[in-house]
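Engineer: Right, I'll just put the structure down here and ask away after.
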Amino acid sequence: MVFNPEYESMDVDARKKLQYARLKNLVEKLYADVAFYRKKMDAAGVKPGDIKSLGDIALLPFTTKDDLRETYPFGLLACPYPLIEEIHMSSGTTGIPVVDAYTKKDIEIWSEAMARTLAAGGCSRNDTVQNCYGYGLFTGGPGAHYGARLIGANVLPMSSGNTARQLMVMQHFGSTMLTCTPSYALYMAEEAEEAGIDLKTLPISKGCFGAEPWSENMRKEIESRYNMKAFDIYGLTEIIGPGVAFECETQDGLHINEDLFYPEIIDPATGTILPDGEKGELVFTTLTKEGTPLLRYRTRDVTFLRRELCTCGRTTVKMNRLFGRTDDMLIIRGVNVFPSQIEQALIEIEGTDPHYLIIVSRGPNHLDEVELQVEVKKEFFSDETRNLESLRTKIENVMKSKLQIGVKVKLVEPKTIERSMGKSKRVVDNRNI
Ligand code: DLL
């Protein structure tokens, strides 16, 4: 269902006009009210009056994670502090705390963005949403909560963890929709299997999963274990939390709420804007936020944009599922490798589970060495050693041809790799570089 056709299915040119009007307004406000932006714009030699079209956004300076660190916690506030009604924070993957301070209007924008997200996954007022994203400073729990409330659905504010209780509630309250990280969805499915609960017979029929990278393989696994449709949702604390982009029923690319968050793709090395279809770093400008609006914020997430007619009726631009981040891209023996590429390669190999760990170390000869631990399906592990050995060789060969680097594969028994209730950790980098 399209939650807000007026904006989501808007005429593309009309949306561009709206984006420009909002951008102009934002730039004027930031220049007048936030010393940080005024200084940056002055240094770049650009004044609000220079922004005469949407394309002129290219004249404006970027905002980076370092800028957020230097102005932490409230240096980027664009409104008087008493107007702030809620604050969220994420430690981010690099450990730098990132703050988002919301006014009343910001919470309304967030609720709207998340209502669109959940509705695209099939949520209506008849649904019972079991929300197992963490509640607290993390944006996942509250974001999904606000969206479900705006739709008028019934929300179970579970937060993550206490899996036995999650499963009990799922059975007793007849939850119809699940919201959590994809790795926690799989973890719950494994625990359910252990407890003899057949999730396929429960009314839970759809879920919105995000906050960490996941693959088609994981989607298939979640969909078959729960007998549900699983949708990818994307967002980040700096921009608003979840609600930035989401999959629709086609499950083919994520629609960006671009009337609220203006996307660009840039070459991370030069900062040049790249054309649609080209892979690069995703940059967002928040067009309507009041508390901590951001101008051309470099997300470090890598993807490309797709403008195409979608059968769902939305006219918003889509971003491809993320390829990874510029900062968790591993450089192994000079080759750029994203953990998602390894996962993608594993998909094609029968017998493996979507649980893996990449351990990078520096060998005695100062060369990088990669050990890839892969969980093997139960049936396989009880099999003859010969079959296991041939599976191991097969994975090594596939990795070599896909990644152009040699990887030592270690097959491990089901459930040996640590499970996570929130974001999972896929890489251990033991190199001291
Ligand atoms: O993870 C917000 C969120 C909560 C999104 C719930 C979706 C669902 P942060 O903790 O600030 O915010 O982390 C943001 O997580 O820059 C991406 O690198 C990664 N990420 C988020 N969603 C996805 C996704 C929340 N669907 C960072 N696929 C982002 C891959 C994702 N990576």
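Labels for the structure tokens follow display order: chains A, B, ..., residues from 1 in each chain, ligands from 1.
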Let me see if you get this right: every residue at most 7 Å from ligand 1, counting only C-alpha atoms and all ligand atoms, written as a PDB file with all heavy atoms, in the first residue's frame.

Structural biologist:
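Result went into part.pdb, see below:
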```pdb
ATOM      1  N   SER A  90      23.868   7.122  17.888  1.00  0.00           N
ATOM      2  CA  SER A  90      24.387   5.819  17.486  1.00  0.00           C
ATOM      3  C   SER A  90      25.892   5.896  17.597  1.00  0.00           C
ATOM      4  O   SER A  90      26.481   6.938  17.326  1.00  0.00           O
ATOM      5  CB  SER A  90      23.987   5.546  16.039  1.00  0.00           C
ATOM      6  OG  SER A  90      24.966   4.803  15.384  1.00  0.00           O
ATOM      7  N   GLY A  92      27.705   4.235  15.768  1.00  0.00           N
ATOM      8  CA  GLY A  92      28.177   4.049  14.400  1.00  0.00           C
ATOM      9  C   GLY A  92      29.156   2.903  14.338  1.00  0.00           C
ATOM     10  O   GLY A  92      29.592   2.392  15.370  1.00  0.00           O
ATOM     11  N   TYR A 133      13.338  -4.229  17.131  1.00  0.00           N
ATOM     12  CA  TYR A 133      14.516  -3.360  17.055  1.00  0.00           C
ATOM     13  C   TYR A 133      14.729  -2.816  18.466  1.00  0.00           C
ATOM     14  O   TYR A 133      13.763  -2.619  19.220  1.00  0.00           O
ATOM     15  CB  TYR A 133      14.256  -2.172  16.122  1.00  0.00           C
ATOM     16  CG  TYR A 133      14.321  -2.489  14.647  1.00  0.00           C
ATOM     17  CD1 TYR A 133      13.204  -2.372  13.837  1.00  0.00           C
ATOM     18  CD2 TYR A 133      15.525  -2.893  14.063  1.00  0.00           C
ATOM     19  CE1 TYR A 133      13.264  -2.643  12.483  1.00  0.00           C
ATOM     20  CE2 TYR A 133      15.593  -3.170  12.703  1.00  0.00           C
ATOM     21  CZ  TYR A 133      14.467  -3.043  11.920  1.00  0.00           C
ATOM     22  OH  TYR A 133      14.541  -3.311  10.588  1.00  0.00           O
ATOM     23  N   PHE A 138      19.238   4.061  20.323  1.00  0.00           N
ATOM     24  CA  PHE A 138      19.183   3.540  18.951  1.00  0.00           C
ATOM     25  C   PHE A 138      17.851   3.951  18.317  1.00  0.00           C
ATOM     26  O   PHE A 138      16.810   3.927  18.971  1.00  0.00           O
ATOM     27  CB  PHE A 138      19.326   2.013  18.986  1.00  0.00           C
ATOM     28  CG  PHE A 138      19.257   1.351  17.629  1.00  0.00           C
ATOM     29  CD1 PHE A 138      20.060   1.770  16.589  1.00  0.00           C
ATOM     30  CD2 PHE A 138      18.377   0.290  17.404  1.00  0.00           C
ATOM     31  CE1 PHE A 138      19.990   1.156  15.338  1.00  0.00           C
ATOM     32  CE2 PHE A 138      18.308  -0.334  16.164  1.00  0.00           C
ATOM     33  CZ  PHE A 138      19.113   0.104  15.125  1.00  0.00           C
ATOM     34  N   THR A 139      17.903   4.282  17.025  1.00  0.00           N
ATOM     35  CA  THR A 139      16.695   4.790  16.360  1.00  0.00           C
ATOM     36  C   THR A 139      15.733   3.690  15.897  1.00  0.00           C
ATOM     37  O   THR A 139      14.581   3.985  15.567  1.00  0.00           O
ATOM     38  CB  THR A 139      17.096   5.598  15.097  1.00  0.00           C
ATOM     39  OG1 THR A 139      17.950   4.762  14.298  1.00  0.00           O
ATOM     40  CG2 THR A 139      17.811   6.877  15.455  1.00  0.00           C
ATOM     41  N   GLY A 140      16.207   2.437  15.838  1.00  0.00           N
ATOM     42  CA  GLY A 140      15.402   1.354  15.251  1.00  0.00           C
ATOM     43  C   GLY A 140      14.057   1.157  15.940  1.00  0.00           C
ATOM     44  O   GLY A 140      13.001   1.214  15.295  1.00  0.00           O
ATOM     45  N   THR A 181      16.498  -6.534  13.157  1.00  0.00           N
ATOM     46  CA  THR A 181      17.614  -6.719  12.229  1.00  0.00           C
ATOM     47  C   THR A 181      17.444  -8.098  11.580  1.00  0.00           C
ATOM     48  O   THR A 181      16.911  -9.018  12.208  1.00  0.00           O
ATOM     49  CB  THR A 181      18.983  -6.669  12.947  1.00  0.00           C
ATOM     50  OG1 THR A 181      19.006  -7.679  13.969  1.00  0.00           O
ATOM     51  CG2 THR A 181      19.247  -5.320  13.579  1.00  0.00           C
ATOM     52  N   PHE A 209      13.176  -5.403   7.564  1.00  0.00           N
ATOM     53  CA  PHE A 209      14.463  -5.686   8.186  1.00  0.00           C
ATOM     54  C   PHE A 209      15.536  -4.744   7.653  1.00  0.00           C
ATOM     55  O   PHE A 209      15.582  -4.467   6.459  1.00  0.00           O
ATOM     56  CB  PHE A 209      14.856  -7.146   7.902  1.00  0.00           C
ATOM     57  CG  PHE A 209      13.785  -8.128   8.307  1.00  0.00           C
ATOM     58  CD1 PHE A 209      12.969  -8.719   7.353  1.00  0.00           C
ATOM     59  CD2 PHE A 209      13.558  -8.415   9.645  1.00  0.00           C
ATOM     60  CE1 PHE A 209      11.957  -9.597   7.720  1.00  0.00           C
ATOM     61  CE2 PHE A 209      12.554  -9.293  10.030  1.00  0.00           C
ATOM     62  CZ  PHE A 209      11.739  -9.887   9.063  1.00  0.00           C
ATOM     63  N   GLY A 210      16.412  -4.302   8.540  1.00  0.00           N
ATOM     64  CA  GLY A 210      17.486  -3.403   8.111  1.00  0.00           C
ATOM     65  C   GLY A 210      18.428  -3.120   9.250  1.00  0.00           C
ATOM     66  O   GLY A 210      18.492  -3.878  10.219  1.00  0.00           O
ATOM     67  N   ALA A 211      19.169  -2.023   9.136  1.00  0.00           N
ATOM     68  CA  ALA A 211      20.160  -1.567  10.112  1.00  0.00           C
ATOM     69  C   ALA A 211      21.500  -2.249   9.935  1.00  0.00           C
ATOM     70  O   ALA A 211      22.472  -1.892  10.594  1.00  0.00           O
ATOM     71  CB  ALA A 211      19.682  -1.708  11.563  1.00  0.00           C
ATOM     72  N   GLU A 212      21.581  -3.239   9.053  1.00  0.00           N
ATOM     73  CA  GLU A 212      22.857  -3.930   8.790  1.00  0.00           C
ATOM     74  C   GLU A 212      22.777  -4.554   7.399  1.00  0.00           C
ATOM     75  O   GLU A 212      21.674  -4.777   6.878  1.00  0.00           O
ATOM     76  CB  GLU A 212      23.088  -5.025   9.843  1.00  0.00           C
ATOM     77  CG  GLU A 212      22.031  -6.123   9.775  1.00  0.00           C
ATOM     78  CD  GLU A 212      22.263  -7.239  10.783  1.00  0.00           C
ATOM     79  OE1 GLU A 212      23.219  -7.152  11.565  1.00  0.00           O
ATOM     80  OE2 GLU A 212      21.482  -8.203  10.758  1.00  0.00           O
ATOM     81  N   PRO A 213      23.933  -4.855   6.822  1.00  0.00           N
ATOM     82  CA  PRO A 213      23.911  -5.465   5.492  1.00  0.00           C
ATOM     83  C   PRO A 213      23.324  -6.873   5.543  1.00  0.00           C
ATOM     84  O   PRO A 213      23.556  -7.593   6.507  1.00  0.00           O
ATOM     85  CB  PRO A 213      25.401  -5.535   5.107  1.00  0.00           C
ATOM     86  CG  PRO A 213      26.121  -4.694   6.086  1.00  0.00           C
ATOM     87  CD  PRO A 213      25.291  -4.631   7.311  1.00  0.00           C
ATOM     88  N   TRP A 214      22.548  -7.224   4.559  1.00  0.00           N
ATOM     89  CA  TRP A 214      22.057  -8.597   4.430  1.00  0.00           C
ATOM     90  C   TRP A 214      21.885  -8.903   2.953  1.00  0.00           C
ATOM     91  O   TRP A 214      21.910  -8.004   2.126  1.00  0.00           O
ATOM     92  CB  TRP A 214      20.801  -8.844   5.253  1.00  0.00           C
ATOM     93  CG  TRP A 214      19.591  -7.987   5.005  1.00  0.00           C
ATOM     94  CD1 TRP A 214      19.543  -6.621   4.994  1.00  0.00           C
ATOM     95  CD2 TRP A 214      18.254  -8.422   4.757  1.00  0.00           C
ATOM     96  NE1 TRP A 214      18.262  -6.194   4.777  1.00  0.00           N
ATOM     97  CE2 TRP A 214      17.439  -7.271   4.620  1.00  0.00           C
ATOM     98  CE3 TRP A 214      17.643  -9.671   4.652  1.00  0.00           C
ATOM     99  CZ2 TRP A 214      16.072  -7.337   4.366  1.00  0.00           C
ATOM    100  CZ3 TRP A 214      16.271  -9.722   4.420  1.00  0.00           C
ATOM    101  CH2 TRP A 214      15.509  -8.571   4.275  1.00  0.00           C
ATOM    102  N   ASP A 232      13.608  -5.048   2.728  1.00  0.00           N
ATOM    103  CA  ASP A 232      14.821  -4.357   3.157  1.00  0.00           C
ATOM    104  C   ASP A 232      14.474  -2.892   3.452  1.00  0.00           C
ATOM    105  O   ASP A 232      13.835  -2.232   2.628  1.00  0.00           O
ATOM    106  CB  ASP A 232      15.847  -4.435   2.007  1.00  0.00           C
ATOM    107  CG  ASP A 232      17.236  -4.009   2.423  1.00  0.00           C
ATOM    108  OD1 ASP A 232      17.461  -3.808   3.631  1.00  0.00           O
ATOM    109  OD2 ASP A 232      18.105  -3.887   1.527  1.00  0.00           O
ATOM    110  N   ILE A 233      14.871  -2.393   4.611  1.00  0.00           N
ATOM    111  CA  ILE A 233      14.658  -0.971   4.914  1.00  0.00           C
ATOM    112  C   ILE A 233      15.990  -0.350   5.352  1.00  0.00           C
ATOM    113  O   ILE A 233      16.808  -0.994   5.981  1.00  0.00           O
ATOM    114  CB  ILE A 233      13.549  -0.747   5.978  1.00  0.00           C
ATOM    115  CG1 ILE A 233      13.977  -1.238   7.370  1.00  0.00           C
ATOM    116  CG2 ILE A 233      12.245  -1.428   5.559  1.00  0.00           C
ATOM    117  CD1 ILE A 233      13.020  -0.806   8.475  1.00  0.00           C
ATOM    118  N   TYR A 234      16.171   0.912   4.976  1.00  0.00           N
ATOM    119  CA  TYR A 234      17.463   1.561   5.190  1.00  0.00           C
ATOM    120  C   TYR A 234      17.303   2.923   5.862  1.00  0.00           C
ATOM    121  O   TYR A 234      16.333   3.637   5.629  1.00  0.00           O
ATOM    122  CB  TYR A 234      18.157   1.746   3.828  1.00  0.00           C
ATOM    123  CG  TYR A 234      19.337   2.689   3.844  1.00  0.00           C
ATOM    124  CD1 TYR A 234      20.595   2.251   4.234  1.00  0.00           C
ATOM    125  CD2 TYR A 234      19.188   4.030   3.491  1.00  0.00           C
ATOM    126  CE1 TYR A 234      21.674   3.124   4.258  1.00  0.00           C
ATOM    127  CE2 TYR A 234      20.262   4.909   3.501  1.00  0.00           C
ATOM    128  CZ  TYR A 234      21.504   4.447   3.889  1.00  0.00           C
ATOM    129  OH  TYR A 234      22.579   5.299   3.921  1.00  0.00           O
ATOM    130  N   GLY A 235      18.252   3.249   6.674  1.00  0.00           N
ATOM    131  CA  GLY A 235      18.286   4.584   7.263  1.00  0.00           C
ATOM    132  C   GLY A 235      19.522   4.732   8.116  1.00  0.00           C
ATOM    133  O   GLY A 235      20.287   3.782   8.312  1.00  0.00           O
ATOM    134  N   LEU A 236      19.753   5.942   8.601  1.00  0.00           N
ATOM    135  CA  LEU A 236      20.891   6.174   9.491  1.00  0.00           C
ATOM    136  C   LEU A 236      20.554   7.299  10.464  1.00  0.00           C
ATOM    137  O   LEU A 236      19.781   8.200  10.132  1.00  0.00           O
ATOM    138  CB  LEU A 236      22.165   6.489   8.695  1.00  0.00           C
ATOM    139  CG  LEU A 236      22.227   7.669   7.760  1.00  0.00           C
ATOM    140  CD1 LEU A 236      23.685   7.961   7.405  1.00  0.00           C
ATOM    141  CD2 LEU A 236      21.480   7.386   6.466  1.00  0.00           C
ATOM    142  N   THR A 237      21.102   7.195  11.646  1.00  0.00           N
ATOM    143  CA  THR A 237      20.797   8.131  12.729  1.00  0.00           C
ATOM    144  C   THR A 237      20.920   9.583  12.277  1.00  0.00           C
ATOM    145  O   THR A 237      20.036  10.394  12.546  1.00  0.00           O
ATOM    146  CB  THR A 237      21.777   7.906  13.905  1.00  0.00           C
ATOM    147  OG1 THR A 237      21.825   6.518  14.171  1.00  0.00           O
ATOM    148  CG2 THR A 237      21.359   8.655  15.144  1.00  0.00           C
ATOM    149  N   GLU A 238      22.018   9.894  11.609  1.00  0.00           N
ATOM    150  CA  GLU A 238      22.305  11.275  11.235  1.00  0.00           C
ATOM    151  C   GLU A 238      21.153  11.887  10.445  1.00  0.00           C
ATOM    152  O   GLU A 238      20.845  13.076  10.588  1.00  0.00           O
ATOM    153  CB  GLU A 238      23.563  11.346  10.351  1.00  0.00           C
ATOM    154  CG  GLU A 238      24.828  10.842  10.986  1.00  0.00           C
ATOM    155  CD  GLU A 238      25.045   9.347  10.728  1.00  0.00           C
ATOM    156  OE1 GLU A 238      24.136   8.546  11.015  1.00  0.00           O
ATOM    157  OE2 GLU A 238      26.135   8.983  10.260  1.00  0.00           O
ATOM    158  N   GLY A 241      17.194   8.225  11.161  1.00  0.00           N
ATOM    159  CA  GLY A 241      17.020   6.864  11.678  1.00  0.00           C
ATOM    160  C   GLY A 241      16.448   6.028  10.531  1.00  0.00           C
ATOM    161  O   GLY A 241      16.639   6.387   9.367  1.00  0.00           O
ATOM    162  N   PRO A 242      15.719   4.944  10.837  1.00  0.00           N
ATOM    163  CA  PRO A 242      15.086   4.209   9.736  1.00  0.00           C
ATOM    164  C   PRO A 242      14.020   5.099   9.112  1.00  0.00           C
ATOM    165  O   PRO A 242      13.527   6.015   9.772  1.00  0.00           O
ATOM    166  CB  PRO A 242      14.446   3.003  10.449  1.00  0.00           C
ATOM    167  CG  PRO A 242      14.232   3.459  11.853  1.00  0.00           C
ATOM    168  CD  PRO A 242      15.363   4.405  12.164  1.00  0.00           C
ATOM    169  N   THR A 299      27.445   9.702   3.670  1.00  0.00           N
ATOM    170  CA  THR A 299      27.043   8.569   4.528  1.00  0.00           C
ATOM    171  C   THR A 299      28.112   7.492   4.644  1.00  0.00           C
ATOM    172  O   THR A 299      28.055   6.669   5.535  1.00  0.00           O
ATOM    173  CB  THR A 299      25.788   7.875   3.971  1.00  0.00           C
ATOM    174  OG1 THR A 299      26.125   7.314   2.690  1.00  0.00           O
ATOM    175  CG2 THR A 299      24.623   8.830   3.830  1.00  0.00           C
ATOM    176  N   ARG A 300      29.010   7.435   3.675  1.00  0.00           N
ATOM    177  CA  ARG A 300      30.008   6.362   3.539  1.00  0.00           C
ATOM    178  C   ARG A 300      29.381   5.063   3.041  1.00  0.00           C
ATOM    179  O   ARG A 300      30.065   4.046   2.925  1.00  0.00           O
ATOM    180  CB  ARG A 300      30.759   6.100   4.851  1.00  0.00           C
ATOM    181  CG  ARG A 300      31.471   7.341   5.371  1.00  0.00           C
ATOM    182  CD  ARG A 300      32.323   7.002   6.551  1.00  0.00           C
ATOM    183  NE  ARG A 300      32.985   8.185   7.074  1.00  0.00           N
ATOM    184  CZ  ARG A 300      33.911   8.149   8.014  1.00  0.00           C
ATOM    185  NH1 ARG A 300      34.299   6.996   8.508  1.00  0.00           N
ATOM    186  NH2 ARG A 300      34.475   9.245   8.445  1.00  0.00           N
ATOM    187  N   ASP A 301      28.086   5.054   2.792  1.00  0.00           N
ATOM    188  CA  ASP A 301      27.434   3.864   2.243  1.00  0.00           C
ATOM    189  C   ASP A 301      27.577   3.879   0.726  1.00  0.00           C
ATOM    190  O   ASP A 301      27.479   4.929   0.097  1.00  0.00           O
ATOM    191  CB  ASP A 301      25.951   3.835   2.629  1.00  0.00           C
ATOM    192  CG  ASP A 301      25.763   3.535   4.105  1.00  0.00           C
ATOM    193  OD1 ASP A 301      26.554   2.735   4.649  1.00  0.00           O
ATOM    194  OD2 ASP A 301      24.828   4.091   4.719  1.00  0.00           O
ATOM    195  N   ARG A 321      20.186  -2.048  -3.225  1.00  0.00           N
ATOM    196  CA  ARG A 321      20.657  -2.619  -1.957  1.00  0.00           C
ATOM    197  C   ARG A 321      22.118  -2.218  -1.767  1.00  0.00           C
ATOM    198  O   ARG A 321      22.887  -2.202  -2.732  1.00  0.00           O
ATOM    199  CB  ARG A 321      20.537  -4.141  -2.108  1.00  0.00           C
ATOM    200  CG  ARG A 321      20.960  -4.962  -0.938  1.00  0.00           C
ATOM    201  CD  ARG A 321      20.956  -6.418  -1.372  1.00  0.00           C
ATOM    202  NE  ARG A 321      19.626  -7.019  -1.271  1.00  0.00           N
ATOM    203  CZ  ARG A 321      19.109  -7.474  -0.129  1.00  0.00           C
ATOM    204  NH1 ARG A 321      19.794  -7.398   0.985  1.00  0.00           N
ATOM    205  NH2 ARG A 321      17.919  -8.025  -0.100  1.00  0.00           N
ATOM    206  N   LEU A 322      22.532  -1.907  -0.544  1.00  0.00           N
ATOM    207  CA  LEU A 322      23.898  -1.403  -0.320  1.00  0.00           C
ATOM    208  C   LEU A 322      24.966  -2.432  -0.708  1.00  0.00           C
ATOM    209  O   LEU A 322      24.775  -3.623  -0.507  1.00  0.00           O
ATOM    210  CB  LEU A 322      24.111  -1.071   1.158  1.00  0.00           C
ATOM    211  CG  LEU A 322      23.466   0.174   1.744  1.00  0.00           C
ATOM    212  CD1 LEU A 322      24.101   0.475   3.096  1.00  0.00           C
ATOM    213  CD2 LEU A 322      23.628   1.376   0.834  1.00  0.00           C
ATOM    214  N   GLY A 324      28.077  -1.924   0.520  1.00  0.00           N
ATOM    215  CA  GLY A 324      28.956  -1.914   1.682  1.00  0.00           C
ATOM    216  C   GLY A 324      29.210  -0.471   2.054  1.00  0.00           C
ATOM    217  O   GLY A 324      28.470   0.419   1.644  1.00  0.00           O
ATOM    218  N   ARG A 325      30.262  -0.244   2.823  1.00  0.00           N
ATOM    219  CA  ARG A 325      30.589   1.114   3.245  1.00  0.00           C
ATOM    220  C   ARG A 325      32.008   1.425   2.816  1.00  0.00           C
ATOM    221  O   ARG A 325      32.843   0.534   2.760  1.00  0.00           O
ATOM    222  CB  ARG A 325      30.492   1.215   4.774  1.00  0.00           C
ATOM    223  CG  ARG A 325      29.095   1.082   5.306  1.00  0.00           C
ATOM    224  CD  ARG A 325      29.116   1.094   6.816  1.00  0.00           C
ATOM    225  NE  ARG A 325      29.756   2.284   7.349  1.00  0.00           N
ATOM    226  CZ  ARG A 325      29.134   3.460   7.523  1.00  0.00           C
ATOM    227  NH1 ARG A 325      27.876   3.574   7.224  1.00  0.00           N
ATOM    228  NH2 ARG A 325      29.778   4.486   8.014  1.00  0.00           N
TER     229      ARG A 325
END
```

Engineer: Within 6 Å of region 317-320 of chain A, counting only C-alpha atoms, which residues show up once you throw out same-chain ones fewer than 4 positions away? Write them as a list of chain:residue names, please.

Structural biologist: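 Residues near the query, excluding close chain neighbours: A:Gly253, A:Leu254, A:His255, A:Ile256, A:Thr303, A:Phe304, A:Leu305, A:Arg306, A:Arg307.
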
Engineer: Counting only C-alpha atoms, what is within 10 Å of Ala192 (chain A), bar same-chain residues fewer than 5 positions away, as a ChimeraX atom specification?

Structural biologist: /A:163-164,166-168,186-187,197-199,225

Engineer: Counting only C-alpha atoms, figure out which residue out of A:Pro203, A:Pro5, A:Pro97, A:Gly143 gets nearest to Val244 (chain A).

Structural biologist: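 Checking each of A:Pro203, A:Pro5, A:Pro97, A:Gly143 against Val244 (chain A), counting only C-alpha atoms, the winner is A:Gly143.
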
Engineer: Restricting the calculation to only C-alpha atoms, which member of A:Arg149, A:Lys423, A:His88, A:Lys29 is positioned closest to Leu294 (chain A)?

Structural biologist: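 Among the listed residues, A:Lys29 lies closest to Leu294 (chain A).
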
Engineer: Extract the full set of helix (DSSP H, G or I) residues from region 333-382 of chain A according to DSSP on the backbone, and format it as an MDAnalysis selection string.

Structural biologist: chainID A and resid 339:347 378:381

Engineer: Quick one: residues within 12 Å of Thr288 (chain A), only C-alpha atoms, excluding same-chain residues fewer than 2 positions away - as a PyMOL selection string?

Structural biologist: chain A and resi 18-27+29-30+78+102-103+105-110+113+239-240+257-262+285-286+290-295

Engineer: CA of Leu282 (chain A) and CA of Leu59 (chain A), how far apart in Å?

Structural biologist: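 Taking CA of Leu59 (chain A) as the start and CA of Leu282 (chain A) as the end point, the length is 16.9 Å.
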
Engineer: Enter the distance from CA of Gly243 (chain A) to CA of Val169 (chain A), in Å, rounded to one decimal.

Structural biologist: 25.7 Å
